[in-house]
Amino acid sequence: MVTIDTSTDFGKRIAEQLEKNECMWLTTVDPEGTPQPVPVWFHWDGETFLIYSQPNKPKLRNIANNPRVALNFDTDEHGRTVGTFIGSAKVDSSAPTADQLPGYIDKYRPELDHLAYTVEQYLGEYTVPIRVTPEKLRGW
């Protein structure tokens, strides 16, 4: 399990990003060994990330073949705010749906509205929960 030391500037920034950022980059590895980063919405519960995917996406096939993943936030324009979680991912069929996670729909409602997506459309399309368990946090 990753511990975020909020007594440091780095830890404070990561904690703030986990709370406020809407998007992270999930990097999986394809069968040829090529990293495949994709932006994802996420829920952080203090120990694991929960990400919802549409079925039959490359990231799901990549995770099935190699569960090792990385999650990172965008950096600032100078590349000075690096934070990367390294861990393992798996499809978690026991996970709640997005509307059962406290605050998840509220967090993403503005973006759903911007995309002209209803909550029902999102819940109907993003049906595969991916649980990422971070083992390491690195950055500066």
# chains A, B, ... in the order shown; residues from 1 in each chain; ligands from 1
call {"tool": "residues_around", "arguments": {"residues": "range 60-71 of chain A", "least_positions_apart": "2", "cutoff": "12 Å", "atoms": "only C-alpha atoms", "output": "number ranges by chain"}}
result
A: 18, 23-42, 44, 48-58, 73-74, 82-92, 127-139
call {"tool": "write_last_selection", "arguments": {"atoms": "C-alpha atoms", "output": "PDB file, in the first residue's frame"}}
result
ATOM      1  CA  LEU A  18      -6.129  13.169  -5.963  1.00  0.00           C
ATOM      2  CA  CYS A  23      -8.224  13.052 -15.081  1.00  0.00           C
ATOM      3  CA  MET A  24      -5.123  10.893 -14.828  1.00  0.00           C
ATOM      4  CA  TRP A  25      -3.132   8.941 -17.395  1.00  0.00           C
ATOM      5  CA  LEU A  26      -3.362   5.145 -17.141  1.00  0.00           C
ATOM      6  CA  THR A  27      -0.462   3.431 -18.876  1.00  0.00           C
ATOM      7  CA  THR A  28      -0.796  -0.237 -19.756  1.00  0.00           C
ATOM      8  CA  VAL A  29       1.571  -2.313 -21.874  1.00  0.00           C
ATOM      9  CA  ASP A  30       0.434  -3.969 -25.097  1.00  0.00           C
ATOM     10  CA  PRO A  31       1.524  -7.493 -26.162  1.00  0.00           C
ATOM     11  CA  GLU A  32       4.470  -6.046 -28.109  1.00  0.00           C
ATOM     12  CA  GLY A  33       5.729  -4.309 -24.951  1.00  0.00           C
ATOM     13  CA  THR A  34       4.743  -0.808 -26.048  1.00  0.00           C
ATOM     14  CA  PRO A  35       3.392   1.481 -23.306  1.00  0.00           C
ATOM     15  CA  GLN A  36      -0.154   2.668 -24.064  1.00  0.00           C
ATOM     16  CA  PRO A  37      -1.186   5.751 -22.042  1.00  0.00           C
ATOM     17  CA  VAL A  38      -4.852   6.791 -22.028  1.00  0.00           C
ATOM     18  CA  PRO A  39      -6.613   9.507 -20.021  1.00  0.00           C
ATOM     19  CA  VAL A  40      -9.088   8.158 -17.463  1.00  0.00           C
ATOM     20  CA  TRP A  41     -11.493   9.407 -14.843  1.00  0.00           C
ATOM     21  CA  PHE A  42     -10.794   7.931 -11.424  1.00  0.00           C
ATOM     22  CA  TRP A  44      -9.321   7.291  -5.093  1.00  0.00           C
ATOM     23  CA  THR A  48      -6.880   1.962  -4.502  1.00  0.00           C
ATOM     24  CA  PHE A  49      -8.062   3.643  -7.668  1.00  0.00           C
ATOM     25  CA  LEU A  50     -11.306   2.685  -9.352  1.00  0.00           C
ATOM     26  CA  ILE A  51     -11.576   3.415 -13.068  1.00  0.00           C
ATOM     27  CA  TYR A  52     -14.504   2.569 -15.322  1.00  0.00           C
ATOM     28  CA  SER A  53     -13.999   1.411 -18.895  1.00  0.00           C
ATOM     29  CA  GLN A  54     -16.158   0.634 -21.849  1.00  0.00           C
ATOM     30  CA  PRO A  55     -16.036  -3.098 -22.676  1.00  0.00           C
ATOM     31  CA  ASN A  56     -13.594  -4.496 -25.235  1.00  0.00           C
ATOM     32  CA  LYS A  57     -11.071  -1.668 -25.009  1.00  0.00           C
ATOM     33  CA  PRO A  58      -7.339  -2.237 -25.564  1.00  0.00           C
ATOM     34  CA  PHE A  73      -1.099  13.329 -13.503  1.00  0.00           C
ATOM     35  CA  ASP A  74      -0.170  15.911 -16.120  1.00  0.00           C
ATOM     36  CA  VAL A  82       5.728  14.810 -11.576  1.00  0.00           C
ATOM     37  CA  GLY A  83       3.734  12.224  -9.654  1.00  0.00           C
ATOM     38  CA  THR A  84       3.476   8.612 -10.804  1.00  0.00           C
ATOM     39  CA  PHE A  85       1.828   5.651  -9.108  1.00  0.00           C
ATOM     40  CA  ILE A  86       3.142   2.202 -10.070  1.00  0.00           C
ATOM     41  CA  GLY A  87       1.037  -0.849  -9.329  1.00  0.00           C
ATOM     42  CA  SER A  88      -1.216  -3.625 -10.530  1.00  0.00           C
ATOM     43  CA  ALA A  89      -4.621  -3.495 -12.179  1.00  0.00           C
ATOM     44  CA  LYS A  90      -7.440  -5.980 -12.518  1.00  0.00           C
ATOM     45  CA  VAL A  91     -11.052  -6.008 -13.570  1.00  0.00           C
ATOM     46  CA  ASP A  92     -13.029  -5.936 -10.318  1.00  0.00           C
ATOM     47  CA  THR A 127     -19.537  -0.887 -17.234  1.00  0.00           C
ATOM     48  CA  VAL A 128     -16.141  -2.483 -16.609  1.00  0.00           C
ATOM     49  CA  PRO A 129     -14.560  -1.476 -13.287  1.00  0.00           C
ATOM     50  CA  ILE A 130     -10.772  -1.557 -13.138  1.00  0.00           C
ATOM     51  CA  ARG A 131      -9.171  -1.601  -9.688  1.00  0.00           C
ATOM     52  CA  VAL A 132      -5.599  -0.304  -9.520  1.00  0.00           C
ATOM     53  CA  THR A 133      -3.608  -1.048  -6.393  1.00  0.00           C
ATOM     54  CA  PRO A 134      -0.596   1.247  -6.215  1.00  0.00           C
ATOM     55  CA  GLU A 135       2.577  -0.149  -4.706  1.00  0.00           C
ATOM     56  CA  LYS A 136       4.882   2.798  -5.241  1.00  0.00           C
ATOM     57  CA  LEU A 137       4.644   6.565  -5.656  1.00  0.00           C
ATOM     58  CA  ARG A 138       7.478   8.492  -7.203  1.00  0.00           C
ATOM     59  CA  GLY A 139       7.952  12.041  -8.365  1.00  0.00           C
TER      60      GLY A 139
END
call {"tool": "select_by_dssp", "arguments": {"residues": "chain A", "states": "alpha helix (DSSP H)", "output": "PyMOL selection string"}}
result
chain A and resi 9-20+58-65+104-114+119-125
call {"tool": "residues_around", "arguments": {"residues": "Trp140 in chain A", "least_positions_apart": "3", "cutoff": "10 Å", "atoms": "only C-alpha atoms", "output": "ChimeraX atom specification"}}
result
/A:9-11,13-14,79-84
call {"tool": "write_last_selection", "arguments": {"atoms": "N, CA and C atoms", "output": "short mmCIF file (atom, residue, chain, number, x, y, z; two decimals), in the first residue's frame"}}
result
data_model
loop_
_atom_site.label_atom_id
_atom_site.label_comp_id
_atom_site.auth_asym_id
_atom_site.auth_seq_id
_atom_site.Cartn_x
_atom_site.Cartn_y
_atom_site.Cartn_z
N ASP A 9 5.91 18.90 0.74
CA ASP A 9 5.27 19.65 -0.35
C ASP A 9 4.79 18.68 -1.43
N PHE A 10 5.61 17.68 -1.75
CA PHE A 10 5.22 16.68 -2.76
C PHE A 10 3.96 15.95 -2.33
N GLY A 11 3.92 15.47 -1.11
CA GLY A 11 2.76 14.73 -0.62
C GLY A 11 1.51 15.60 -0.59
N ARG A 13 0.86 18.12 -2.57
CA ARG A 13 0.42 18.32 -3.95
C ARG A 13 -0.28 17.08 -4.49
N ILE A 14 0.27 15.90 -4.20
CA ILE A 14 -0.36 14.67 -4.67
C ILE A 14 -1.74 14.51 -4.04
N GLY A 79 7.31 20.74 -16.60
CA GLY A 79 7.63 19.37 -16.22
C GLY A 79 8.09 19.24 -14.79
N ARG A 80 7.66 20.15 -13.93
CA ARG A 80 8.15 20.17 -12.55
C ARG A 80 7.23 19.49 -11.55
N THR A 81 6.07 19.08 -11.94
CA THR A 81 5.14 18.49 -10.97
C THR A 81 4.85 17.04 -11.35
N VAL A 82 5.84 16.22 -11.19
CA VAL A 82 5.73 14.81 -11.58
C VAL A 82 5.22 13.99 -10.39
N GLY A 83 4.23 13.16 -10.65
CA GLY A 83 3.73 12.22 -9.65
C GLY A 83 3.22 10.99 -10.37
N THR A 84 3.84 9.85 -10.12
CA THR A 84 3.48 8.61 -10.80
C THR A 84 3.27 7.49 -9.80
#
call {"tool": "select_by_dssp", "arguments": {"residues": "range 20-138 of chain A", "states": "strand (DSSP E)", "output": "ChimeraX atom specification"}}
result
/A:24-29,35-40,43-44,49-53,68-72,83-91,128-138
call {"tool": "write_last_selection", "arguments": {"atoms": "C-alpha atoms", "output": "PDB file, in the first residue's frame"}}
result
ATOM      1  CA  MET A  24      -5.123  10.893 -14.828  1.00  0.00           C
ATOM      2  CA  TRP A  25      -3.132   8.941 -17.395  1.00  0.00           C
ATOM      3  CA  LEU A  26      -3.362   5.145 -17.141  1.00  0.00           C
ATOM      4  CA  THR A  27      -0.462   3.431 -18.876  1.00  0.00           C
ATOM      5  CA  THR A  28      -0.796  -0.237 -19.756  1.00  0.00           C
ATOM      6  CA  VAL A  29       1.571  -2.313 -21.874  1.00  0.00           C
ATOM      7  CA  PRO A  35       3.392   1.481 -23.306  1.00  0.00           C
ATOM      8  CA  GLN A  36      -0.154   2.668 -24.064  1.00  0.00           C
ATOM      9  CA  PRO A  37      -1.186   5.751 -22.042  1.00  0.00           C
ATOM     10  CA  VAL A  38      -4.852   6.791 -22.028  1.00  0.00           C
ATOM     11  CA  PRO A  39      -6.613   9.507 -20.021  1.00  0.00           C
ATOM     12  CA  VAL A  40      -9.088   8.158 -17.463  1.00  0.00           C
ATOM     13  CA  HIS A  43     -11.938   7.474  -7.859  1.00  0.00           C
ATOM     14  CA  TRP A  44      -9.321   7.291  -5.093  1.00  0.00           C
ATOM     15  CA  PHE A  49      -8.062   3.643  -7.668  1.00  0.00           C
ATOM     16  CA  LEU A  50     -11.306   2.685  -9.352  1.00  0.00           C
ATOM     17  CA  ILE A  51     -11.576   3.415 -13.068  1.00  0.00           C
ATOM     18  CA  TYR A  52     -14.504   2.569 -15.322  1.00  0.00           C
ATOM     19  CA  SER A  53     -13.999   1.411 -18.895  1.00  0.00           C
ATOM     20  CA  ARG A  68       1.493  -3.906 -14.265  1.00  0.00           C
ATOM     21  CA  VAL A  69       0.381  -0.303 -14.824  1.00  0.00           C
ATOM     22  CA  ALA A  70       1.262   3.292 -14.064  1.00  0.00           C
ATOM     23  CA  LEU A  71      -1.042   6.191 -13.255  1.00  0.00           C
ATOM     24  CA  ASN A  72       0.161   9.772 -13.456  1.00  0.00           C
ATOM     25  CA  GLY A  83       3.734  12.224  -9.654  1.00  0.00           C
ATOM     26  CA  THR A  84       3.476   8.612 -10.804  1.00  0.00           C
ATOM     27  CA  PHE A  85       1.828   5.651  -9.108  1.00  0.00           C
ATOM     28  CA  ILE A  86       3.142   2.202 -10.070  1.00  0.00           C
ATOM     29  CA  GLY A  87       1.037  -0.849  -9.329  1.00  0.00           C
ATOM     30  CA  SER A  88      -1.216  -3.625 -10.530  1.00  0.00           C
ATOM     31  CA  ALA A  89      -4.621  -3.495 -12.179  1.00  0.00           C
ATOM     32  CA  LYS A  90      -7.440  -5.980 -12.518  1.00  0.00           C
ATOM     33  CA  VAL A  91     -11.052  -6.008 -13.570  1.00  0.00           C
ATOM     34  CA  VAL A 128     -16.141  -2.483 -16.609  1.00  0.00           C
ATOM     35  CA  PRO A 129     -14.560  -1.476 -13.287  1.00  0.00           C
ATOM     36  CA  ILE A 130     -10.772  -1.557 -13.138  1.00  0.00           C
ATOM     37  CA  ARG A 131      -9.171  -1.601  -9.688  1.00  0.00           C
ATOM     38  CA  VAL A 132      -5.599  -0.304  -9.520  1.00  0.00           C
ATOM     39  CA  THR A 133      -3.608  -1.048  -6.393  1.00  0.00           C
ATOM     40  CA  PRO A 134      -0.596   1.247  -6.215  1.00  0.00           C
ATOM     41  CA  GLU A 135       2.577  -0.149  -4.706  1.00  0.00           C
ATOM     42  CA  LYS A 136       4.882   2.798  -5.241  1.00  0.00           C
ATOM     43  CA  LEU A 137       4.644   6.565  -5.656  1.00  0.00           C
ATOM     44  CA  ARG A 138       7.478   8.492  -7.203  1.00  0.00           C
TER      45      ARG A 138
END
call {"tool": "residues_around", "arguments": {"residues": "Ala98 in chain A", "least_positions_apart": "5", "cutoff": "7 Å", "atoms": "only C-alpha atoms", "output": "list in words"}}
result
Tyr104, Ile105 and Leu123 of chain A
call {"tool": "atom_distance", "arguments": {"atom1": "CA of Val2 in chain A", "atom2": "CA of Gly46 in chain A"}}
result
8.8 Å
call {"tool": "atom_distance", "arguments": {"atom1": "CA of Glu77 in chain A", "atom2": "CA of Arg109 in chain A"}}
result
27.0 Å
call {"tool": "atom_distance", "arguments": {"atom1": "CA of Lys20 in chain A", "atom2": "CA of Thr118 in chain A"}}
result
21.9 Å
call {"tool": "closest_residue", "arguments": {"among": "A:Glu120, A:Glu125, A:Asp113, A:Asp76", "to": "Asp99 in chain A", "atoms": "only C-alpha atoms"}}
result
A:Glu120
call {"tool": "decode", "arguments": {"residues": "chain A", "atoms": "C-alpha atoms", "output": "tab-separated table (two decimals), in the first residue's frame"}}
result
chain	number	residue	atom	x	y	z
A	1	MET	CA	0.00	0.00	0.00
A	2	VAL	CA	1.18	3.50	-0.83
A	3	THR	CA	1.40	6.07	1.93
A	4	ILE	CA	1.21	9.72	0.93
A	5	ASP	CA	3.23	11.85	3.33
A	6	THR	CA	1.24	15.07	3.44
A	7	SER	CA	3.87	16.71	5.66
A	8	THR	CA	5.99	17.24	2.51
A	9	ASP	CA	5.27	19.65	-0.35
A	10	PHE	CA	5.22	16.68	-2.76
A	11	GLY	CA	2.76	14.73	-0.62
A	12	LYS	CA	0.51	17.77	-0.18
A	13	ARG	CA	0.42	18.32	-3.95
A	14	ILE	CA	-0.36	14.67	-4.67
A	15	ALA	CA	-3.15	14.65	-2.06
A	16	GLU	CA	-4.60	17.81	-3.61
A	17	GLN	CA	-4.40	16.35	-7.13
A	18	LEU	CA	-6.13	13.17	-5.96
A	19	GLU	CA	-8.94	15.28	-4.56
A	20	LYS	CA	-9.29	17.91	-7.28
A	21	ASN	CA	-8.03	16.54	-10.60
A	22	GLU	CA	-10.61	14.98	-12.89
A	23	CYS	CA	-8.22	13.05	-15.08
A	24	MET	CA	-5.12	10.89	-14.83
A	25	TRP	CA	-3.13	8.94	-17.40
A	26	LEU	CA	-3.36	5.14	-17.14
A	27	THR	CA	-0.46	3.43	-18.88
A	28	THR	CA	-0.80	-0.24	-19.76
A	29	VAL	CA	1.57	-2.31	-21.87
A	30	ASP	CA	0.43	-3.97	-25.10
A	31	PRO	CA	1.52	-7.49	-26.16
A	32	GLU	CA	4.47	-6.05	-28.11
A	33	GLY	CA	5.73	-4.31	-24.95
A	34	THR	CA	4.74	-0.81	-26.05
A	35	PRO	CA	3.39	1.48	-23.31
A	36	GLN	CA	-0.15	2.67	-24.06
A	37	PRO	CA	-1.19	5.75	-22.04
A	38	VAL	CA	-4.85	6.79	-22.03
A	39	PRO	CA	-6.61	9.51	-20.02
A	40	VAL	CA	-9.09	8.16	-17.46
A	41	TRP	CA	-11.49	9.41	-14.84
A	42	PHE	CA	-10.79	7.93	-11.42
A	43	HIS	CA	-11.94	7.47	-7.86
A	44	TRP	CA	-9.32	7.29	-5.09
A	45	ASP	CA	-10.46	5.69	-1.84
A	46	GLY	CA	-7.20	6.20	0.01
A	47	GLU	CA	-5.81	2.79	-0.95
A	48	THR	CA	-6.88	1.96	-4.50
A	49	PHE	CA	-8.06	3.64	-7.67
A	50	LEU	CA	-11.31	2.68	-9.35
A	51	ILE	CA	-11.58	3.42	-13.07
A	52	TYR	CA	-14.50	2.57	-15.32
A	53	SER	CA	-14.00	1.41	-18.90
A	54	GLN	CA	-16.16	0.63	-21.85
A	55	PRO	CA	-16.04	-3.10	-22.68
A	56	ASN	CA	-13.59	-4.50	-25.23
A	57	LYS	CA	-11.07	-1.67	-25.01
A	58	PRO	CA	-7.34	-2.24	-25.56
A	59	LYS	CA	-6.53	-1.27	-21.97
A	60	LEU	CA	-8.62	-4.21	-20.75
A	61	ARG	CA	-6.81	-6.66	-23.03
A	62	ASN	CA	-3.48	-5.18	-21.97
A	63	ILE	CA	-4.32	-5.55	-18.27
A	64	ALA	CA	-5.43	-9.16	-18.84
A	65	ASN	CA	-2.03	-9.90	-20.41
A	66	ASN	CA	0.08	-7.79	-18.06
A	67	PRO	CA	-1.45	-6.29	-14.90
A	68	ARG	CA	1.49	-3.91	-14.27
A	69	VAL	CA	0.38	-0.30	-14.82
A	70	ALA	CA	1.26	3.29	-14.06
A	71	LEU	CA	-1.04	6.19	-13.26
A	72	ASN	CA	0.16	9.77	-13.46
A	73	PHE	CA	-1.10	13.33	-13.50
A	74	ASP	CA	-0.17	15.91	-16.12
A	75	THR	CA	2.89	17.95	-15.22
A	76	ASP	CA	3.02	21.71	-15.22
A	77	GLU	CA	4.27	23.45	-18.37
A	78	HIS	CA	7.86	23.06	-17.17
A	79	GLY	CA	7.63	19.37	-16.22
A	80	ARG	CA	8.15	20.17	-12.55
A	81	THR	CA	5.14	18.49	-10.97
A	82	VAL	CA	5.73	14.81	-11.58
A	83	GLY	CA	3.73	12.22	-9.65
A	84	THR	CA	3.48	8.61	-10.80
A	85	PHE	CA	1.83	5.65	-9.11
A	86	ILE	CA	3.14	2.20	-10.07
A	87	GLY	CA	1.04	-0.85	-9.33
A	88	SER	CA	-1.22	-3.63	-10.53
A	89	ALA	CA	-4.62	-3.50	-12.18
A	90	LYS	CA	-7.44	-5.98	-12.52
A	91	VAL	CA	-11.05	-6.01	-13.57
A	92	ASP	CA	-13.03	-5.94	-10.32
A	93	SER	CA	-16.50	-7.31	-10.94
A	94	SER	CA	-17.35	-6.81	-7.25
A	95	ALA	CA	-16.83	-3.04	-7.45
A	96	PRO	CA	-19.82	-0.73	-7.14
A	97	THR	CA	-21.15	1.10	-10.16
A	98	ALA	CA	-20.03	4.70	-10.57
A	99	ASP	CA	-23.30	6.09	-9.21
A	100	GLN	CA	-22.81	4.09	-5.99
A	101	LEU	CA	-19.48	5.81	-5.22
A	102	PRO	CA	-19.96	8.84	-3.00
A	103	GLY	CA	-19.22	12.00	-4.97
A	104	TYR	CA	-18.20	10.33	-8.25
A	105	ILE	CA	-21.13	11.49	-10.37
A	106	ASP	CA	-21.03	14.96	-8.78
A	107	LYS	CA	-17.31	15.21	-9.59
A	108	TYR	CA	-17.85	14.33	-13.26
A	109	ARG	CA	-21.29	15.83	-13.90
A	110	PRO	CA	-19.86	19.06	-15.42
A	111	GLU	CA	-17.79	17.01	-17.85
A	112	LEU	CA	-20.72	14.71	-18.63
A	113	ASP	CA	-22.81	17.81	-19.39
A	114	HIS	CA	-20.01	19.21	-21.58
A	115	LEU	CA	-19.93	15.91	-23.52
A	116	ALA	CA	-23.76	15.91	-23.77
A	117	TYR	CA	-23.81	12.60	-21.87
A	118	THR	CA	-26.49	11.70	-19.39
A	119	VAL	CA	-25.59	9.84	-16.22
A	120	GLU	CA	-27.63	6.92	-17.55
A	121	GLN	CA	-25.62	6.87	-20.81
A	122	TYR	CA	-22.35	6.91	-18.89
A	123	LEU	CA	-23.46	4.12	-16.56
A	124	GLY	CA	-24.68	2.09	-19.52
A	125	GLU	CA	-21.41	2.42	-21.46
A	126	TYR	CA	-18.69	2.44	-18.79
A	127	THR	CA	-19.54	-0.89	-17.23
A	128	VAL	CA	-16.14	-2.48	-16.61
A	129	PRO	CA	-14.56	-1.48	-13.29
A	130	ILE	CA	-10.77	-1.56	-13.14
A	131	ARG	CA	-9.17	-1.60	-9.69
A	132	VAL	CA	-5.60	-0.30	-9.52
A	133	THR	CA	-3.61	-1.05	-6.39
A	134	PRO	CA	-0.60	1.25	-6.22
A	135	GLU	CA	2.58	-0.15	-4.71
A	136	LYS	CA	4.88	2.80	-5.24
A	137	LEU	CA	4.64	6.56	-5.66
A	138	ARG	CA	7.48	8.49	-7.20
A	139	GLY	CA	7.95	12.04	-8.37
A	140	TRP	CA	8.95	15.50	-7.30
